[in-house]
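Comments concern the structure below.
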Amino acid sequence: MKKLCFRISVLVLAFLMVSPILSDNHESSILDKVKKRGRLICGVNKELPGFGYLSQDGKYKGFDVDFGRAIAAAVLGDPDKVEFRSLKAADRFPALQTGEIDVLIRNTTMTLTRDTANGADFCPPNFYDGQGFMLRKKLGITSLKELDGATIGVTAGSTTELNLADKMRTLGIKVESIVFEETETLYQSYDQGRCDAVTSDKSQLISRRASLKNPDEHIILDVTISKEPLAPVTVHGDNKWNDVVSWVVYATFFAEEHNITQAKVKNLKSDNPEIKRFLGDTGNIGELLGLPKDWARHAIGAVGHYGEIFERNLTPLGLPRGVNKPWTEGGLLYAMPFR
Amino acid sequence: MEEQVDIQQIKPPTYAKGPVGWLRENLFSPWYNAILTCVALLFLYFVFKGLLTWAFTEAEWNVIPANLQLFAIGPYPRDQVYRIWICLYILSVLLGLSAGVWRGIVQRWTIVVGSILLVFLVIPFEIVQREDSHLVSIEFRFNLIWLIFESRRWLLGDVALLIGAFFLGQRITRLRPWILGGWVLSFPIIMFVLHGFGENAVQTSMWGGLLLTLILAVFGIVVSFPLGVFLALCRQSKLPAIKWVSTFYIETVRGVPLITILFMGSVLIPIFIPYFTIDQVLRMMVAITLFSAAYMAENVRGGLQAIPRGQHEAAQAVGLNYVQSMMFIVLPQALRSVIPAIVGQFIALFKDTSLVYIIGLIDLFGVAKSIITNPVWLGRHVEVYIFIALIYFSFCYAMSKASQEIEADLGVGKH
Amino acid sequence: MYHASNTMAQNSTNIPFWRDTRVLKVLFQILFLLGVFLLAGILYANMLKGLESRGLNLKLDFLRNEAGFDVSDSVVEYASSDTYLKSFYVGVLNTVRVSLVGILCATVLGLFFGIARLSTNWLVRNIAATYIEIFRNVPLLLQIVFWFTVFGSLPAANNSIELFNAVYINNRSIHFPSLQQTAGFSSWVGYLYAAAILAIISVFVLALIFYRKHAERMKEGDDNRYFMHISRAAKWSAVPVFLIVAIIGWFFAPESPFVLVRPEFQRFNVVGGIRFSASFISLLIGLSVYTSAFIAEVVRSGIQAVSKGQREAARAVGLSTGQTLRLIVLPQAVPIIIPPLTSQYLNLAKNSSLAAAAGYDDLFRIGKTIMTQAGKEIPVFAMIMVNYLTMSLTTSAAMNWYNSWVNRIKR
């Protein structure tokens, strides 16, 4: 009886360990997995207004979120077939590596280490940023050297944390860095005067400045200490999937270059052979990517072209386009030929 | 001998009489108690003054009613909310029936739950919110149209079901086994209803708020208890292999913080088990349960050790085998004596669910955090924290009160 | 079916081995162990495979690489150019620091509220009960975050609260003045040595005098009394002698051995003195208040476990309330209190892993930072686990030893 009891219990325990909702992981590419699942899982930020945040009705919104929706539309034909997972800076790479998420679009800076050692593959940057500093106007500071002895806030697990330490070492000044897990706590603390300055991507600084108590009291220093190309990320080694995400990003660039807007794209008929290829009216670029013929139509139809995404999410926060303009207008956005 | 006092004549010492007597007895009796009372009164004065001034002049409580739904269910799709009501209905019917059938503690607590629901139903406020802006104003006014609000109608149905089921339960007492079965089945059924299937499935990453907190806690409590008992028995086992392995498990788990276990469940399990993806919420449920089971096992072991050997021997003597003697003789006594510790562990588990926020789930605490992020509610941290602290407190306090009542009912410690 | 095994043993020749319970027991255990090891092996193999496919490994040599990030609260000297290993070490020290200070504060608070909970004063008793109920029924994470937020509403660094021109409090930190050694310190240490020697001599002298005086009675073999005298002599002569000489030394030293370093406000921050950051303080308050609520309950139930008769008997022989508590109740309550108290201490130490919520750089948080920055989840995670386990298991071992010691004394 005792043995039986144990045996049953061990079986139950074993069952408990393996019974969880099972699903297959042996598809060759995440693309196939996503198609089979009928849903894209996208890692985003939920604490960065403009880029990714949870709105009052419980929906994710923002610039990065829109790119996730565009990918879902391109792959599955429906921008709503995407599940967003909110991730902290420190948890995002493990989540990607372990297959928790299909794609990471969470203001993530492309760096060599991350591209290699962290097991990630980067897509073309969808936002070119740089690390800056925000501080109170009344301190009267114009250069970084004057920050000697100050307390500077930064988020944990980010490149900004490393850049800050590097920069201060090269300048030979000593600052006290205070590290926060969450973007929200960082700015809250800054607003309360718990640090003299915050350092982060300039886009973030601008977007968060608007939500400080008295936005006019703060300035963003005219120095940029690093290049921060923010890009969507896929797991290392899945080229097929990386291609899909990359070309969806290019598609938004391309659409802006050719002024293909969300409103127009659905019924757009064009004589331009490149646009025809882009929309899937001729050629087989969809097939090459493993996507439906009209993938770009869906993607642009869901969120609009790059300019529209930008204007919907970032312009209201007072973020200028800066270098995030098409190359035709002197920016850095350069869609590779759809050929 | 005139001065000798006649013992018969001495009056019995008087005990405190009336409010003055009570005051003297409880607040001012020796001189130092009077000083203590004054100090305590001063302390209370400052605390209450500070709190009340803050709560009524500085605090802006708008943030709470405006986000009630977010607190309750987090990012759960708004057009699927009816499922949550269905679950509540199932629970209400079961609760009503049980209250009718069992009376006693169950009935008392059902009345508490029912009256809380009634209060929610009757509070005459409405939240006025314009579509485009985040401006919210709350109007407290009593009018009959409050019934038009969808949640009110659902709630009305809920209360009606609860009361109806209660009277039904009173009539038909032979429902007992069915109700027990219903409780057992209710959890999987509720999970199924919440998740759904096919096109309309609500992925667990969309579960949130108090809903998620409760699901995590209930699953943890329901599963970690038997698992803990099982582990405790294993640790007491005469088979060395079993004893070692369970001791190793219990001590290891108890030796590390919960957050490391959750982190392991979140980040490392996918590395260890790469064949299939296990749902993240499920992993957190399992992690919390496995963690709690180790503590539960130690509590139960305490109870088991307190059972005199004679009980085991007596059980053997009347011919019960191991399982029977454990089930009918030893465990009932052992568990009864450690009810406070076990409920304490349940409470700890409930509080610990807030740690899943660190892993990235949007439980009650996570919702609070994301509301604070919203620029509209800038600087409303303390209000939000106090509100969710109240929610956590009510649940934990209710659990500890219930455990005291159960103890009293079972007459623990009265022998 | 134990009763059956005897009869089985008698005619064991008839029982095939696969029905013999003794054999089956061993077999079952072997199978069970095999299963456990197999499972562990499979998981391990999976991990290796998974790591390999992503180009990662389990080697620890990355620990010698430069960390590159700063740590805000460090007990030892640390710069971003130090290694990962050093940063991890800083994290361990920080965990130990907050745990030890937290344990101290939680014990004081817990004792206070535990005893207040049993007060005869209705108001005090109920305030204590409310305190306990509130703080033990709200999640610790929430409490830490709450204290951190509340701390932020203190004044900013440039108009800190000043107490006695020495203690500075602002929303970033609390500063206490610190003592700094001067050139006079070494000569003062000389005086301290002299003071210690004089104190010892004085005890011997007094002991000798006592011996002379009571030599008669000593011969009757009342050793205990003699030792009592010596200990009293130590108390009444050695301590004053030591203090007097030390104080004389202080004034005769060429320079005051210590100077008081007062914190002062500079361009951005208050600097100098002993600094406790807001993160540390809010974590500390959170941990110690939360744990103190549990300790209060432990203390209360420990005191209540001492039977009422003991207290009444003490009252009957004329002991005062204080004496009853000190001489009768506490000596009996302490052995009951110690084991649950230790487990509360351990809980506090483990709960300090929530430090990140207040922005404090503890072991877990620095570990996590290393994981992300170096991309080495598993080795770092293993290091974290080993640290916590060592901490807990040594404490429980000490606890077990203490328990058996107490039980031996009882016998």
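Identifiers for the structure tokens are assigned positionally: chains receive A, B, ... in sequence, residues are indexed from 1 per chain, and ligands are indexed from 1 in the order shown.
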DSSP alpha helix (DSSP H) residues within stretch 176-367 of chain C, as a PyMOL selection string: chain C and resi 185-213+215-219+223-233+239-252+278-305+308-316+321-323+330-351+363-367
Give me, as number ranges by chain, the contact residues of chain A against chain C at a cut-off of 7 Å, counting only C-alpha atoms. A: 90, 117-119, 149-150, 156-157, 161-162, 165, 176-181, 189, 192-194
Next, the residues of the selection above should be written as a compact mmCIF listing (two decimals), in the first residue's frame with N, CA and C atoms.
# COMPACT_ATOMS: atom_id res chain seq x y z
N ALA A 90 16.52 44.46 -18.30
CA ALA A 90 17.41 43.38 -17.93
C ALA A 90 16.87 42.01 -18.36
N ALA A 117 27.65 37.94 -28.53
CA ALA A 117 27.65 37.17 -27.29
C ALA A 117 26.26 36.99 -26.70
N ASN A 118 25.34 37.94 -26.92
CA ASN A 118 24.03 37.81 -26.30
C ASN A 118 23.05 36.97 -27.10
N GLY A 119 23.55 36.37 -28.19
CA GLY A 119 22.67 35.48 -28.95
C GLY A 119 21.53 36.20 -29.63
N GLY A 149 30.77 65.40 -9.25
CA GLY A 149 30.18 65.32 -7.91
C GLY A 149 28.67 65.17 -7.91
N ALA A 150 28.05 65.17 -9.08
CA ALA A 150 26.59 65.10 -9.15
C ALA A 150 26.11 63.66 -9.03
N ALA A 156 18.80 50.27 -15.24
CA ALA A 156 19.63 49.08 -15.10
C ALA A 156 19.64 48.24 -16.37
N GLY A 157 20.74 47.56 -16.59
CA GLY A 157 20.82 46.60 -17.68
C GLY A 157 20.80 47.22 -19.05
N GLU A 161 23.90 52.67 -19.07
CA GLU A 161 24.61 52.49 -17.81
C GLU A 161 26.12 52.37 -18.06
N LEU A 162 26.45 51.59 -19.09
CA LEU A 162 27.87 51.38 -19.42
C LEU A 162 28.48 52.64 -20.02
N ALA A 165 29.36 55.23 -17.37
CA ALA A 165 30.59 54.94 -16.63
C ALA A 165 31.81 55.21 -17.50
N GLU A 176 28.14 60.15 -8.98
CA GLU A 176 27.51 59.00 -8.34
C GLU A 176 26.36 58.58 -9.22
N SER A 177 26.42 57.35 -9.73
CA SER A 177 25.29 56.93 -10.56
C SER A 177 24.32 56.16 -9.70
N ILE A 178 23.05 56.47 -9.88
CA ILE A 178 22.04 55.74 -9.13
C ILE A 178 21.17 55.01 -10.15
N VAL A 179 21.07 53.70 -9.96
CA VAL A 179 20.53 52.84 -10.99
C VAL A 179 19.11 52.41 -10.65
N PHE A 180 18.20 52.54 -11.59
CA PHE A 180 16.82 52.15 -11.35
C PHE A 180 16.42 51.03 -12.29
N GLU A 181 15.59 50.15 -11.75
CA GLU A 181 15.12 49.01 -12.52
C GLU A 181 14.13 49.47 -13.60
N SER A 189 12.01 59.72 -9.61
CA SER A 189 13.06 60.10 -8.67
C SER A 189 13.74 61.40 -9.10
N GLN A 192 11.63 64.28 -8.23
CA GLN A 192 11.65 64.59 -6.81
C GLN A 192 12.98 65.19 -6.37
N GLY A 193 13.91 65.27 -7.31
CA GLY A 193 15.22 65.83 -6.97
C GLY A 193 16.14 64.84 -6.32
N ARG A 194 15.92 63.54 -6.55
CA ARG A 194 16.79 62.55 -5.92
C ARG A 194 18.05 62.33 -6.74
Taking only C-alpha atoms into account, which residues of chain C are within 7 Å of chain B, as a PyMOL selection string? chain C and resi 1+29+33+43-44+46-47+50+120-124+137-139+146+350-351+353+385+388-389+392-393
Export N, CA and C atoms of the chosen residues as a CSV table (one decimal), in the first residue's frame?
chain,number,residue,atom,x,y,z
C,1,MET,N,1.8,-3.0,5.3
C,1,MET,CA,1.4,-4.3,5.8
C,1,MET,C,2.6,-4.9,6.7
C,29,GLN,N,13.6,2.2,-4.1
C,29,GLN,CA,14.5,3.4,-3.9
C,29,GLN,C,15.5,3.6,-5.0
C,33,LEU,N,15.8,6.9,-7.2
C,33,LEU,CA,17.1,7.6,-7.3
C,33,LEU,C,17.5,7.8,-8.8
C,43,LEU,N,18.0,17.4,-17.9
C,43,LEU,CA,17.9,18.8,-17.8
C,43,LEU,C,19.3,19.4,-18.1
C,44,TYR,N,20.3,18.8,-17.5
C,44,TYR,CA,21.7,19.3,-17.7
C,44,TYR,C,22.1,19.2,-19.1
C,46,ASN,N,20.2,19.1,-21.7
C,46,ASN,CA,19.4,20.1,-22.5
C,46,ASN,C,20.1,21.5,-22.4
C,47,MET,N,20.5,21.8,-21.2
C,47,MET,CA,21.0,23.1,-20.9
C,47,MET,C,22.3,23.3,-21.8
C,50,GLY,N,21.5,23.7,-25.3
C,50,GLY,CA,20.9,25.0,-25.6
C,50,GLY,C,21.9,26.1,-25.6
C,120,THR,N,-0.6,45.9,29.8
C,120,THR,CA,-1.9,45.9,30.5
C,120,THR,C,-2.7,47.2,30.1
C,121,ASN,N,-2.0,48.1,29.4
C,121,ASN,CA,-2.6,49.3,28.9
C,121,ASN,C,-3.4,49.0,27.6
C,122,TRP,N,-4.7,49.3,27.6
C,122,TRP,CA,-5.5,48.9,26.5
C,122,TRP,C,-5.1,49.6,25.2
C,123,LEU,N,-4.8,50.9,25.4
C,123,LEU,CA,-4.4,51.7,24.2
C,123,LEU,C,-3.1,51.2,23.6
C,124,VAL,N,-2.1,51.0,24.4
C,124,VAL,CA,-0.8,50.6,23.9
C,124,VAL,C,-1.0,49.2,23.3
C,137,ASN,N,0.4,42.1,6.9
C,137,ASN,CA,-0.6,41.7,5.9
C,137,ASN,C,-0.5,42.4,4.6
C,138,VAL,N,0.6,43.2,4.4
C,138,VAL,CA,0.8,43.9,3.2
C,138,VAL,C,2.1,43.4,2.6
C,139,PRO,N,2.1,43.1,1.3
C,139,PRO,CA,3.3,42.5,0.7
C,139,PRO,C,4.6,43.4,0.9
C,146,PHE,N,6.8,51.6,-1.3
C,146,PHE,CA,6.1,52.7,-0.6
C,146,PHE,C,7.1,53.6,0.2
C,350,LYS,N,16.8,36.7,3.2
C,350,LYS,CA,16.4,36.3,1.8
C,350,LYS,C,15.5,37.4,1.2
C,351,ASN,N,14.7,38.0,2.0
C,351,ASN,CA,13.8,39.1,1.4
C,351,ASN,C,14.6,40.3,1.0
C,353,SER,N,16.6,40.3,-1.1
C,353,SER,CA,16.7,40.2,-2.6
C,353,SER,C,15.7,41.1,-3.3
C,385,MET,N,22.7,31.5,-6.3
C,385,MET,CA,22.0,30.5,-5.5
C,385,MET,C,23.0,30.0,-4.4
C,388,TYR,N,23.2,32.4,-1.5
C,388,TYR,CA,22.0,32.4,-0.5
C,388,TYR,C,22.0,31.1,0.2
C,389,LEU,N,22.3,30.0,-0.4
C,389,LEU,CA,22.2,28.7,0.2
C,389,LEU,C,23.3,28.6,1.4
C,392,SER,N,21.9,30.6,4.3
C,392,SER,CA,20.8,29.9,5.0
C,392,SER,C,21.3,28.7,5.7
C,393,LEU,N,22.0,27.8,5.0
C,393,LEU,CA,22.4,26.5,5.6
C,393,LEU,C,23.3,26.7,6.8
What is the distance, in Å and to one decimal place, between atom CA of C:Ala246 and atom CA of C:Val203? 17.0 Å
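Here the DSSP assignment of strand (DSSP E), based on backbone atoms, applies within stretch 123-241 of chain C to Ile161, Glu162, Leu163, Val167, Tyr168, Ile169, Ser173, Ile174, His175, Phe176, Ser178, Leu179, Gln180 and Gln181 of chain C.
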Selected residues, N, CA and C atoms, written as a short mmCIF file (atom, residue, chain, number, x, y, z; two decimals), in the first residue's frame, please.
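File written: selection35.cif
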data_model
loop_
_atom_site.label_atom_id
_atom_site.label_comp_id
_atom_site.auth_asym_id
_atom_site.auth_seq_id
_atom_site.Cartn_x
_atom_site.Cartn_y
_atom_site.Cartn_z
N ILE C 161 17.37 68.72 5.85
CA ILE C 161 17.03 68.93 7.26
C ILE C 161 18.32 68.76 8.05
N GLU C 162 18.61 69.73 8.94
CA GLU C 162 19.82 69.62 9.75
C GLU C 162 19.43 69.37 11.19
N LEU C 163 20.01 68.35 11.77
CA LEU C 163 19.77 68.12 13.19
C LEU C 163 21.08 68.38 13.93
N VAL C 167 23.69 66.04 11.76
CA VAL C 167 23.02 65.03 10.95
C VAL C 167 22.24 65.73 9.84
N TYR C 168 22.45 65.27 8.62
CA TYR C 168 21.78 65.87 7.48
C TYR C 168 20.83 64.86 6.86
N ILE C 169 19.60 65.26 6.64
CA ILE C 169 18.64 64.36 6.04
C ILE C 169 18.07 65.02 4.79
N SER C 173 19.79 60.93 0.84
CA SER C 173 20.58 60.19 1.81
C SER C 173 20.45 60.80 3.20
N ILE C 174 20.98 60.05 4.16
CA ILE C 174 21.10 60.58 5.52
C ILE C 174 22.59 60.56 5.85
N HIS C 175 23.08 61.68 6.37
CA HIS C 175 24.50 61.75 6.70
C HIS C 175 24.66 61.92 8.20
N PHE C 176 25.57 61.12 8.77
CA PHE C 176 25.95 61.30 10.16
C PHE C 176 27.39 61.77 10.19
N SER C 178 31.21 61.64 11.11
CA SER C 178 32.05 60.48 11.35
C SER C 178 33.28 60.90 12.15
N LEU C 179 33.92 59.92 12.77
CA LEU C 179 35.14 60.19 13.53
C LEU C 179 36.32 59.86 12.64
N GLN C 180 37.31 60.74 12.66
CA GLN C 180 38.49 60.44 11.86
C GLN C 180 39.70 60.39 12.78
N GLN C 181 40.56 59.40 12.60
CA GLN C 181 41.75 59.29 13.44
C GLN C 181 42.72 60.43 13.11
#
Need the shell around C:Val289: protein/DNA/RNA residues with any atom at most 7 Å away, counting only C-alpha atoms. Skip same-chain ones fewer than 3 positions apart. Format as a ChimeraX atom specification? /C:106,135,285-286,292-293
Would you save the residues from that selection as a PDB file, in the first residue's frame, using C-alpha atoms?
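See result-v7.pdb below for the written result:
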ATOM      1  CA  ALA C 106      13.791  44.364  13.359  1.00  0.00           C
ATOM      2  CA  PHE C 135       2.612  45.461   8.410  1.00  0.00           C
ATOM      3  CA  ILE C 285      12.865  50.364   6.901  1.00  0.00           C
ATOM      4  CA  GLY C 286      10.811  48.064   4.695  1.00  0.00           C
ATOM      5  CA  SER C 292       9.406  43.225  13.170  1.00  0.00           C
ATOM      6  CA  ALA C 293       5.677  42.531  12.853  1.00  0.00           C
TER       7      ALA C 293
END
Using only C-alpha atoms, which protein or nucleic acid residues come within 9 Å of C:Leu348? Drop anything in the same chain fewer than 5 positions from it, and give the result as a list in words.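 Residues near the query, excluding close chain neighbours: Ser99, Gly102, Ile103, Ala106, Leu287, Ser288, Tyr290, Thr291 and Ser343 of chain C.
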Which residues are near stretch 311-313 of chain A? Cut-off 12 Å, only C-alpha atoms, ignore same chain within fewer than 5 positions. Put them as a ChimeraX atom specification. /A:48-53,61-67,203,207,262,303-306,318-321,324-325
Take the residues from that selection and write them out as an mmCIF file, in the first residue's frame, keeping C-alpha atoms.
data_model
loop_
_atom_site.group_PDB
_atom_site.id
_atom_site.type_symbol
_atom_site.label_atom_id
_atom_site.label_comp_id
_atom_site.auth_asym_id
_atom_site.auth_seq_id
_atom_site.Cartn_x
_atom_site.Cartn_y
_atom_site.Cartn_z
ATOM 1 C CA LEU A 48 7.899 54.416 -22.139
ATOM 2 C CA PRO A 49 5.205 56.779 -23.401
ATOM 3 C CA GLY A 50 5.471 57.161 -27.139
ATOM 4 C CA PHE A 51 7.392 53.928 -27.683
ATOM 5 C CA GLY A 52 5.491 51.393 -25.660
ATOM 6 C CA TYR A 53 3.023 51.737 -22.818
ATOM 7 C CA LYS A 61 0.361 51.482 -27.660
ATOM 8 C CA GLY A 62 3.367 53.259 -29.089
ATOM 9 C CA PHE A 63 5.979 53.444 -31.813
ATOM 10 C CA ASP A 64 7.569 50.076 -31.093
ATOM 11 C CA VAL A 65 4.167 48.496 -30.580
ATOM 12 C CA ASP A 66 3.109 49.673 -34.047
ATOM 13 C CA PHE A 67 6.060 47.886 -35.607
ATOM 14 C CA SER A 203 14.105 60.390 -27.468
ATOM 15 C CA SER A 207 9.225 62.057 -24.234
ATOM 16 C CA GLN A 262 -2.280 53.952 -44.687
ATOM 17 C CA VAL A 303 -0.016 51.105 -39.209
ATOM 18 C CA GLY A 304 0.875 53.381 -42.114
ATOM 19 C CA HIS A 305 4.309 54.308 -43.353
ATOM 20 C CA TYR A 306 7.217 55.286 -41.109
ATOM 21 C CA GLY A 318 7.366 66.959 -29.049
ATOM 22 C CA LEU A 319 9.986 64.700 -30.555
ATOM 23 C CA PRO A 320 11.510 66.167 -33.744
ATOM 24 C CA ARG A 321 12.157 63.889 -36.695
ATOM 25 C CA ASN A 324 14.885 59.827 -38.541
ATOM 26 C CA LYS A 325 13.851 61.112 -41.922
#
Residues of chain B within 8 Å of chain A, only C-alpha atoms counted, as an mmCIF file with C-alpha atoms, in the first residue's frame:
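Everything below was put into result_27.cif:
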data_model
loop_
_atom_site.group_PDB
_atom_site.id
_atom_site.type_symbol
_atom_site.label_atom_id
_atom_site.label_comp_id
_atom_site.auth_asym_id
_atom_site.auth_seq_id
_atom_site.Cartn_x
_atom_site.Cartn_y
_atom_site.Cartn_z
ATOM 1 C CA ASN B 67 -8.764 52.777 -13.161
ATOM 2 C CA LEU B 70 -7.523 48.055 -14.807
ATOM 3 C CA GLY B 74 -5.407 44.444 -16.059
ATOM 4 C CA PRO B 75 -5.077 44.119 -19.817
ATOM 5 C CA TYR B 76 -7.797 41.449 -20.133
ATOM 6 C CA PRO B 77 -9.715 42.321 -23.310
ATOM 7 C CA ARG B 78 -12.674 44.497 -22.463
ATOM 8 C CA GLN B 203 -3.718 34.488 -23.849
ATOM 9 C CA SER B 205 -0.206 37.355 -21.005
ATOM 10 C CA VAL B 267 14.472 32.480 -17.579
ATOM 11 C CA PRO B 270 13.089 27.389 -21.114
ATOM 12 C CA ILE B 271 16.803 26.599 -21.286
ATOM 13 C CA PRO B 274 13.636 23.430 -24.762
ATOM 14 C CA TYR B 275 11.255 20.934 -26.388
ATOM 15 C CA PHE B 276 8.131 22.928 -25.832
ATOM 16 C CA THR B 277 7.162 26.346 -24.570
ATOM 17 C CA ILE B 278 5.391 26.374 -21.269
ATOM 18 C CA ASP B 279 3.051 29.236 -20.719
ATOM 19 C CA LEU B 282 1.686 28.615 -15.695
ATOM 20 C CA ASN B 321 -2.215 0.227 7.019
ATOM 21 C CA TYR B 322 0.130 3.169 6.457
ATOM 22 C CA VAL B 323 -2.144 5.162 4.185
ATOM 23 C CA ILE B 359 9.332 38.820 -13.725
ATOM 24 C CA GLY B 360 7.106 40.979 -15.902
ATOM 25 C CA LEU B 361 3.568 39.765 -15.263
ATOM 26 C CA SER B 370 1.732 50.862 -14.904
ATOM 27 C CA ILE B 371 -0.984 53.271 -13.791
ATOM 28 C CA ILE B 372 1.636 55.387 -12.081
ATOM 29 C CA THR B 373 3.565 55.484 -15.353
ATOM 30 C CA ASN B 374 0.636 57.042 -17.136
ATOM 31 C CA PRO B 375 1.392 60.787 -17.405
ATOM 32 C CA LEU B 378 1.548 61.736 -12.416
ATOM 33 C CA GLY B 379 2.537 61.890 -8.769
#
One residue among C:Thr130, C:Ile295, C:Val205, C:Val329 is nearest to C:Arg311 when using only C-alpha atoms, and that residue is C:Val329
Do you know which residues are at most 8 Å from C:Leu93 counting only C-alpha atoms, after dropping those on the same chain fewer than 5 positions away, and could you put them as a ChimeraX atom specification? /C:75,362-363
Contacts of B:Trp102 at 10 Å or less, counting only C-alpha atoms, minus same-chain residues fewer than 3 places along, as a VMD selection string? chain B and resid 97 to 99 105 to 107 169 to 170 173 176
Using N, CA and C atoms, can you write the selected residues to a file as a PDB file, in the first residue's frame?
ATOM      1  N   LEU B  97     -24.681  27.900  -2.284  1.00  0.00           N
ATOM      2  CA  LEU B  97     -25.105  26.538  -1.958  1.00  0.00           C
ATOM      3  C   LEU B  97     -24.404  26.056  -0.693  1.00  0.00           C
ATOM      4  N   SER B  98     -23.069  26.263  -0.641  1.00  0.00           N
ATOM      5  CA  SER B  98     -22.324  25.776   0.523  1.00  0.00           C
ATOM      6  C   SER B  98     -22.832  26.443   1.787  1.00  0.00           C
ATOM      7  N   ALA B  99     -23.112  27.750   1.681  1.00  0.00           N
ATOM      8  CA  ALA B  99     -23.579  28.474   2.865  1.00  0.00           C
ATOM      9  C   ALA B  99     -24.906  27.893   3.326  1.00  0.00           C
ATOM     10  N   ILE B 105     -19.327  28.550   9.907  1.00  0.00           N
ATOM     11  CA  ILE B 105     -18.341  29.491   9.400  1.00  0.00           C
ATOM     12  C   ILE B 105     -18.635  29.880   7.962  1.00  0.00           C
ATOM     13  N   VAL B 106     -18.958  28.858   7.166  1.00  0.00           N
ATOM     14  CA  VAL B 106     -19.179  29.119   5.746  1.00  0.00           C
ATOM     15  C   VAL B 106     -20.265  30.159   5.589  1.00  0.00           C
ATOM     16  N   GLN B 107     -21.323  30.004   6.381  1.00  0.00           N
ATOM     17  CA  GLN B 107     -22.432  30.928   6.245  1.00  0.00           C
ATOM     18  C   GLN B 107     -22.001  32.348   6.657  1.00  0.00           C
ATOM     19  N   GLY B 169     -29.778  25.880  -1.248  1.00  0.00           N
ATOM     20  CA  GLY B 169     -28.928  25.007  -0.429  1.00  0.00           C
ATOM     21  C   GLY B 169     -29.594  24.662   0.889  1.00  0.00           C
ATOM     22  N   GLN B 170     -30.324  25.622   1.442  1.00  0.00           N
ATOM     23  CA  GLN B 170     -30.989  25.352   2.725  1.00  0.00           C
ATOM     24  C   GLN B 170     -32.050  24.278   2.581  1.00  0.00           C
ATOM     25  N   THR B 173     -30.380  19.586   1.360  1.00  0.00           N
ATOM     26  CA  THR B 173     -29.098  19.375   2.029  1.00  0.00           C
ATOM     27  C   THR B 173     -28.338  18.180   1.461  1.00  0.00           C
ATOM     28  N   ARG B 176     -24.566  17.964  -0.695  1.00  0.00           N
ATOM     29  CA  ARG B 176     -23.178  18.060  -0.228  1.00  0.00           C
ATOM     30  C   ARG B 176     -22.100  17.519  -1.159  1.00  0.00           C
TER      31      ARG B 176
END
Would you mind reading off the distance between atom CA of B:Leu68 and atom CA of B:Leu212, one decimal, in Å?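 So the answer is 14.7 Å.
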